[in-house]
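Down below is the structure, laid out as structure tokens.
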Amino acid sequence: MGKADFLSPKAIGNRIKAKGLQKLRWYCQMCQKQCRDENGFKCHCMSESHQRQLLLASENPNQFLNYFSEEFKSDFVELLRRRFGTKRVHNNIVYNEYISHREHVHMNSTQWETLTDFTKWLGREGYCKVDETPKGWYVQYIDRDPETIRRQEELERKKKQDMDDEERSAKFIEEQVRRGQEGKEPEEEPVFTELKRMNEDEKVAFNLDIALAGPSKTSTTLGPSALKAAASAKRKESSHSRDSKDKKKKSALDEIIEMEEQKKKSVRSDNWIQANIVVKVITKKLGEKYYKKKAVIREVQDKYTAVVKMIDSGDKLKLDQSHLETVIPAPGKRVLIVNGQYKNTEAILEGINEHKFSATLTLDSGRMKGKTVEGIAYEDFSKLA
């Protein structure tokens, strides 16, 4: 009896029954064939193709075992990396998602008997961080991509630089406080003693200061001119001392502000891509079609990823900023500063210094519009779309 036609009811029914996952005990890993029932699996085992495949496997069983183990490991780790990244996740969740694919490699054809053994092996080989909890085993993918490692090192270096700047500012403030305390004369604390009379016949005398006691008859004899001169001298002395204190405080504050401004100038952000600028693709992974071709950034995602539209072909690509570089236009064209002190500022390219790999720009937006800035590096500005 021949096979039913492709569009016959029987063929359609067979395809519907074959959809989805079937029972594992009726799957032949050597032939990669899934049978629907026990009778079909028995017929397959008796077939000539299956017997021929078994003869090939019996000649070198370790080769087939290692092949299936490597396929299972690579597919499982790739799913863990792409789906969960470096998040900590239960191994059973990853496995259930892996076996939902119909053509997956079954674990009973690998060198591992259980999922727990496979999880422990991943931890020993350094592919993942594994830990056991009362709820089961958890895995966490270890990302060893050079680009990811480089980005993490840059973030750690930037964080360390910020901490060093904060420590320097704190030490500077402590030094200013210490200098201010050294300049002051230590005040003598008054010593209070008990009032004792050595002799009962001796009279008790008090020495009262006239200035503290208030106006008296003797003070009025000095005359109004003398009193005015004394008051004006006292006011000048108090104002002079107040001005000197203000100058000291102001100078310390100015120094702190200057340090903060220098810190802002020196700090550079590790992400430079901006929307509506022209960039050049410098990665060869996409082939010669896009290599060294210009594109316009349409959208920025997660600070480091750009959705670009190629100028020549009009294709849309999603690229990391490490695969792009800035474009330097002809003098007189408008550019956008993408890094440094004047980030996000539009400017006009005045000239290029090829020996120092820098350019001279005239700011065209913001509060400093019209200012000419020299020494802007090539990678800190790009042509506006």
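Quick note on naming: the chains in the structure tokens go A, B, ... in the order shown, residues restart at 1 in each chain, and ligands are numbered from 1 in order of appearance.
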Inset, instruction - Excluding Glu48 (chain A) and residues on its chain fewer than 6 positions from it, collect all residues at most 12 Å away from it, counting only C-alpha atoms, and give them as a PyMOL selection string. - result: chain A and resi 31+54-55
Sort by chain and increasing residue number a table of all residues of region 31-74 of chain A within 10 Å of region 104-112 of chain A, each with its closest pair of atoms and their distance in Å to one decimal, counting only C-alpha atoms, and write it as a tab-separated table.
residue	atom	partner	partner_atom	distance
A:Gln32	CA	A:Val105	CA	8.8
A:Asn62	CA	A:Gln111	CA	9.6
A:Phe64	CA	A:Ser109	CA	8.8
A:Leu65	CA	A:Thr110	CA	5.7
A:Asn66	CA	A:Thr110	CA	7.2
A:Tyr67	CA	A:Thr110	CA	8.4
A:Phe68	CA	A:Thr110	CA	5.6
A:Ser69	CA	A:Thr110	CA	4.5
A:Glu70	CA	A:Thr110	CA	8.3
A:Glu71	CA	A:Val105	CA	7.0
A:Phe72	CA	A:Val105	CA	5.7
A:Lys73	CA	A:Thr110	CA	9.3
Please write the residues from the selection above to a file, keeping N, CA and C atoms, as a compact mmCIF listing (two decimals), in the first residue's frame.
# COMPACT_ATOMS: atom_id res chain seq x y z
N GLN A 32 17.32 9.92 14.90
CA GLN A 32 16.63 11.20 15.12
C GLN A 32 15.20 11.13 14.56
N ASN A 62 31.98 5.67 21.50
CA ASN A 62 32.40 6.89 22.22
C ASN A 62 32.30 8.12 21.33
N PHE A 64 30.02 8.78 19.01
CA PHE A 64 28.63 9.24 18.98
C PHE A 64 28.23 9.83 20.33
N LEU A 65 28.69 9.20 21.43
CA LEU A 65 28.36 9.70 22.76
C LEU A 65 28.93 11.10 22.98
N ASN A 66 30.18 11.30 22.58
CA ASN A 66 30.80 12.62 22.74
C ASN A 66 30.12 13.66 21.84
N TYR A 67 29.72 13.24 20.64
CA TYR A 67 29.06 14.18 19.73
C TYR A 67 27.73 14.66 20.32
N PHE A 68 26.90 13.73 20.79
CA PHE A 68 25.61 14.12 21.36
C PHE A 68 25.79 14.94 22.65
N SER A 69 26.81 14.59 23.44
CA SER A 69 27.07 15.34 24.68
C SER A 69 27.47 16.78 24.36
N GLU A 70 28.33 16.93 23.35
CA GLU A 70 28.78 18.28 22.98
C GLU A 70 27.61 19.11 22.41
N GLU A 71 26.76 18.47 21.61
CA GLU A 71 25.60 19.18 21.07
C GLU A 71 24.66 19.61 22.18
N PHE A 72 24.40 18.71 23.12
CA PHE A 72 23.51 19.04 24.24
C PHE A 72 24.08 20.18 25.08
N LYS A 73 25.38 20.10 25.36
CA LYS A 73 26.01 21.14 26.19
C LYS A 73 25.98 22.50 25.50
Legend entry - Straight-line distance linking CA of Arg334 (chain A) with CA of Lys383 (chain A), stated in Å to one decimal: 6.4 Å
Could you list, with a cut-off of 12 Å and counting only C-alpha atoms, the residues of region 71-146 of chain A near region 150-166 of chain A, each shown with its nearest atom pair and the distance in Å rounded to one decimal, rows sorted by chain and ascending number, as a tab-separated table?
residue	atom	partner	partner_atom	distance
A:Asp143	CA	A:Gln152	CA	10.9
A:Arg144	CA	A:Arg150	CA	10.1
A:Asp145	CA	A:Arg150	CA	8.6
A:Pro146	CA	A:Arg150	CA	6.0
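Picture a line from CA of Val338 (chain A) to CA of Thr148 (chain A); it runs 22.0 Å.
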If DSSP is run on the backbone, what residues of region 324-365 of chain A are strand (DSSP E or B)? A reply as a PDB file with C-alpha atoms, in the first residue's frame would be ideal.
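After the write, result_25.pdb holds the following:
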ATOM      1  CA  LEU A 324      30.915  52.053  15.033  1.00  0.00           C
ATOM      2  CA  GLU A 325      33.150  55.110  14.751  1.00  0.00           C
ATOM      3  CA  THR A 326      32.578  58.820  14.244  1.00  0.00           C
ATOM      4  CA  ARG A 334      27.810  71.062  11.300  1.00  0.00           C
ATOM      5  CA  VAL A 335      28.814  68.419  13.843  1.00  0.00           C
ATOM      6  CA  LEU A 336      27.613  67.180  17.230  1.00  0.00           C
ATOM      7  CA  ILE A 337      30.015  66.832  20.169  1.00  0.00           C
ATOM      8  CA  THR A 345      26.474  70.567  21.883  1.00  0.00           C
ATOM      9  CA  GLU A 346      26.168  71.364  18.181  1.00  0.00           C
ATOM     10  CA  ALA A 347      29.161  73.051  16.543  1.00  0.00           C
ATOM     11  CA  ILE A 348      30.726  74.010  13.217  1.00  0.00           C
ATOM     12  CA  LEU A 349      33.991  72.399  12.099  1.00  0.00           C
ATOM     13  CA  GLU A 350      36.571  75.130  11.510  1.00  0.00           C
ATOM     14  CA  GLY A 351      39.729  73.112  10.871  1.00  0.00           C
ATOM     15  CA  ILE A 352      41.593  69.839  11.467  1.00  0.00           C
ATOM     16  CA  ASN A 353      45.006  69.259  13.045  1.00  0.00           C
ATOM     17  CA  SER A 358      42.123  66.863  16.809  1.00  0.00           C
ATOM     18  CA  ALA A 359      39.942  69.629  15.421  1.00  0.00           C
ATOM     19  CA  THR A 360      38.904  73.224  16.065  1.00  0.00           C
ATOM     20  CA  LEU A 361      35.166  73.772  16.549  1.00  0.00           C
ATOM     21  CA  THR A 362      32.925  76.798  16.982  1.00  0.00           C
ATOM     22  CA  LEU A 363      30.045  76.079  19.356  1.00  0.00           C
TER      23      LEU A 363
END
Legend entry - DSSP alpha helix (DSSP H) selection over region 62-213 of chain A, as a VMD selection string: chain A and resid 62 to 84 91 to 99 115 to 125 146 to 183 210 to 213
Inset, instruction - Choose the residue, out of A:Trp272, A:Ile328, A:Thr283, A:Pro61, that has the smallest atom-to-atom separation from Asn344 (chain A); count only C-alpha atoms. - result: A:Trp272
Inset, instruction - May I ask for the distance between CA of Val177 (chain A) and CA of Met259 (chain A), given in Å to one decimal place? - result: 16.6 Å
Shell of 12 Å around Val130 (chain A), only C-alpha atoms, local chain residues under 5 positions omitted, as an mmCIF file with N, CA, C and O atoms, in the first residue's frame:
data_model
loop_
_atom_site.group_PDB
_atom_site.id
_atom_site.type_symbol
_atom_site.label_atom_id
_atom_site.label_comp_id
_atom_site.auth_asym_id
_atom_site.auth_seq_id
_atom_site.Cartn_x
_atom_site.Cartn_y
_atom_site.Cartn_z
ATOM 1 N N LYS A 87 21.865 36.179 34.751
ATOM 2 C CA LYS A 87 20.956 36.092 35.892
ATOM 3 C C LYS A 87 21.024 34.698 36.511
ATOM 4 O O LYS A 87 21.290 33.706 35.839
ATOM 5 N N ARG A 88 20.754 34.624 37.791
ATOM 6 C CA ARG A 88 20.715 33.348 38.516
ATOM 7 C C ARG A 88 19.324 32.742 38.331
ATOM 8 O O ARG A 88 18.320 33.365 38.638
ATOM 9 N N VAL A 89 19.276 31.494 37.816
ATOM 10 C CA VAL A 89 18.002 30.888 37.454
ATOM 11 C C VAL A 89 18.039 29.406 37.812
ATOM 12 O O VAL A 89 19.112 28.779 37.849
ATOM 13 N N HIS A 90 16.855 28.826 38.077
ATOM 14 C CA HIS A 90 16.752 27.410 38.403
ATOM 15 C C HIS A 90 17.063 26.585 37.150
ATOM 16 O O HIS A 90 16.597 26.891 36.048
ATOM 17 N N ASN A 91 17.855 25.515 37.341
ATOM 18 C CA ASN A 91 18.266 24.727 36.169
ATOM 19 C C ASN A 91 17.089 24.034 35.494
ATOM 20 O O ASN A 91 17.101 23.810 34.280
ATOM 21 N N THR A 116 20.954 16.928 37.377
ATOM 22 C CA THR A 116 21.836 17.330 38.480
ATOM 23 C C THR A 116 23.292 17.056 38.136
ATOM 24 O O THR A 116 24.175 17.897 38.388
ATOM 25 N N ASP A 117 23.578 15.882 37.548
ATOM 26 C CA ASP A 117 24.953 15.576 37.144
ATOM 27 C C ASP A 117 25.451 16.570 36.099
ATOM 28 O O ASP A 117 26.608 17.017 36.150
ATOM 29 N N PHE A 118 24.587 16.920 35.168
ATOM 30 C CA PHE A 118 24.976 17.895 34.142
ATOM 31 C C PHE A 118 25.240 19.267 34.755
ATOM 32 O O PHE A 118 26.194 19.963 34.377
ATOM 33 N N THR A 119 24.419 19.680 35.729
ATOM 34 C CA THR A 119 24.614 20.979 36.390
ATOM 35 C C THR A 119 25.931 21.003 37.155
ATOM 36 O O THR A 119 26.674 21.989 37.103
ATOM 37 N N LYS A 120 26.244 19.917 37.879
ATOM 38 C CA LYS A 120 27.523 19.854 38.597
ATOM 39 C C LYS A 120 28.701 19.915 37.624
ATOM 40 O O LYS A 120 29.720 20.549 37.897
ATOM 41 N N TRP A 121 28.569 19.251 36.473
ATOM 42 C CA TRP A 121 29.635 19.269 35.471
ATOM 43 C C TRP A 121 29.853 20.683 34.933
ATOM 44 O O TRP A 121 31.001 21.090 34.720
ATOM 45 N N LEU A 122 28.773 21.444 34.718
ATOM 46 C CA LEU A 122 28.918 22.836 34.256
ATOM 47 C C LEU A 122 29.684 23.669 35.266
ATOM 48 O O LEU A 122 30.503 24.526 34.904
ATOM 49 N N GLY A 123 29.428 23.439 36.551
ATOM 50 C CA GLY A 123 30.152 24.172 37.586
ATOM 51 C C GLY A 123 31.625 23.795 37.648
ATOM 52 O O GLY A 123 32.492 24.660 37.815
ATOM 53 N N ARG A 124 31.938 22.500 37.500
ATOM 54 C CA ARG A 124 33.338 22.068 37.550
ATOM 55 C C ARG A 124 34.134 22.584 36.357
ATOM 56 O O ARG A 124 35.304 22.943 36.493
ATOM 57 N N GLU A 125 33.502 22.623 35.176
ATOM 58 C CA GLU A 125 34.204 23.070 33.981
ATOM 59 C C GLU A 125 34.294 24.588 33.859
ATOM 60 O O GLU A 125 34.979 25.102 32.982
ATOM 61 N N GLY A 136 16.376 23.280 45.007
ATOM 62 C CA GLY A 136 17.048 22.648 43.881
ATOM 63 C C GLY A 136 18.327 23.381 43.495
ATOM 64 O O GLY A 136 18.835 24.225 44.240
ATOM 65 N N TRP A 137 18.833 23.042 42.318
ATOM 66 C CA TRP A 137 20.082 23.625 41.831
ATOM 67 C C TRP A 137 19.804 24.867 40.995
ATOM 68 O O TRP A 137 18.891 24.888 40.178
ATOM 69 N N TYR A 138 20.636 25.907 41.216
ATOM 70 C CA TYR A 138 20.551 27.151 40.453
ATOM 71 C C TYR A 138 21.841 27.335 39.657
ATOM 72 O O TYR A 138 22.932 26.967 40.121
ATOM 73 N N VAL A 139 21.713 27.900 38.470
ATOM 74 C CA VAL A 139 22.864 28.141 37.600
ATOM 75 C C VAL A 139 22.908 29.617 37.226
ATOM 76 O O VAL A 139 21.881 30.288 37.167
ATOM 77 N N GLN A 140 24.128 30.108 36.998
ATOM 78 C CA GLN A 140 24.349 31.491 36.578
ATOM 79 C C GLN A 140 25.467 31.504 35.541
ATOM 80 O O GLN A 140 26.587 31.075 35.820
ATOM 81 N N TYR A 141 25.150 31.972 34.349
ATOM 82 C CA TYR A 141 26.102 31.930 33.238
ATOM 83 C C TYR A 141 27.266 32.895 33.483
ATOM 84 O O TYR A 141 27.077 34.027 33.947
ATOM 85 N N ILE A 142 28.480 32.449 33.179
ATOM 86 C CA ILE A 142 29.678 33.285 33.300
ATOM 87 C C ILE A 142 30.018 33.803 31.905
ATOM 88 O O ILE A 142 30.381 33.034 31.017
#
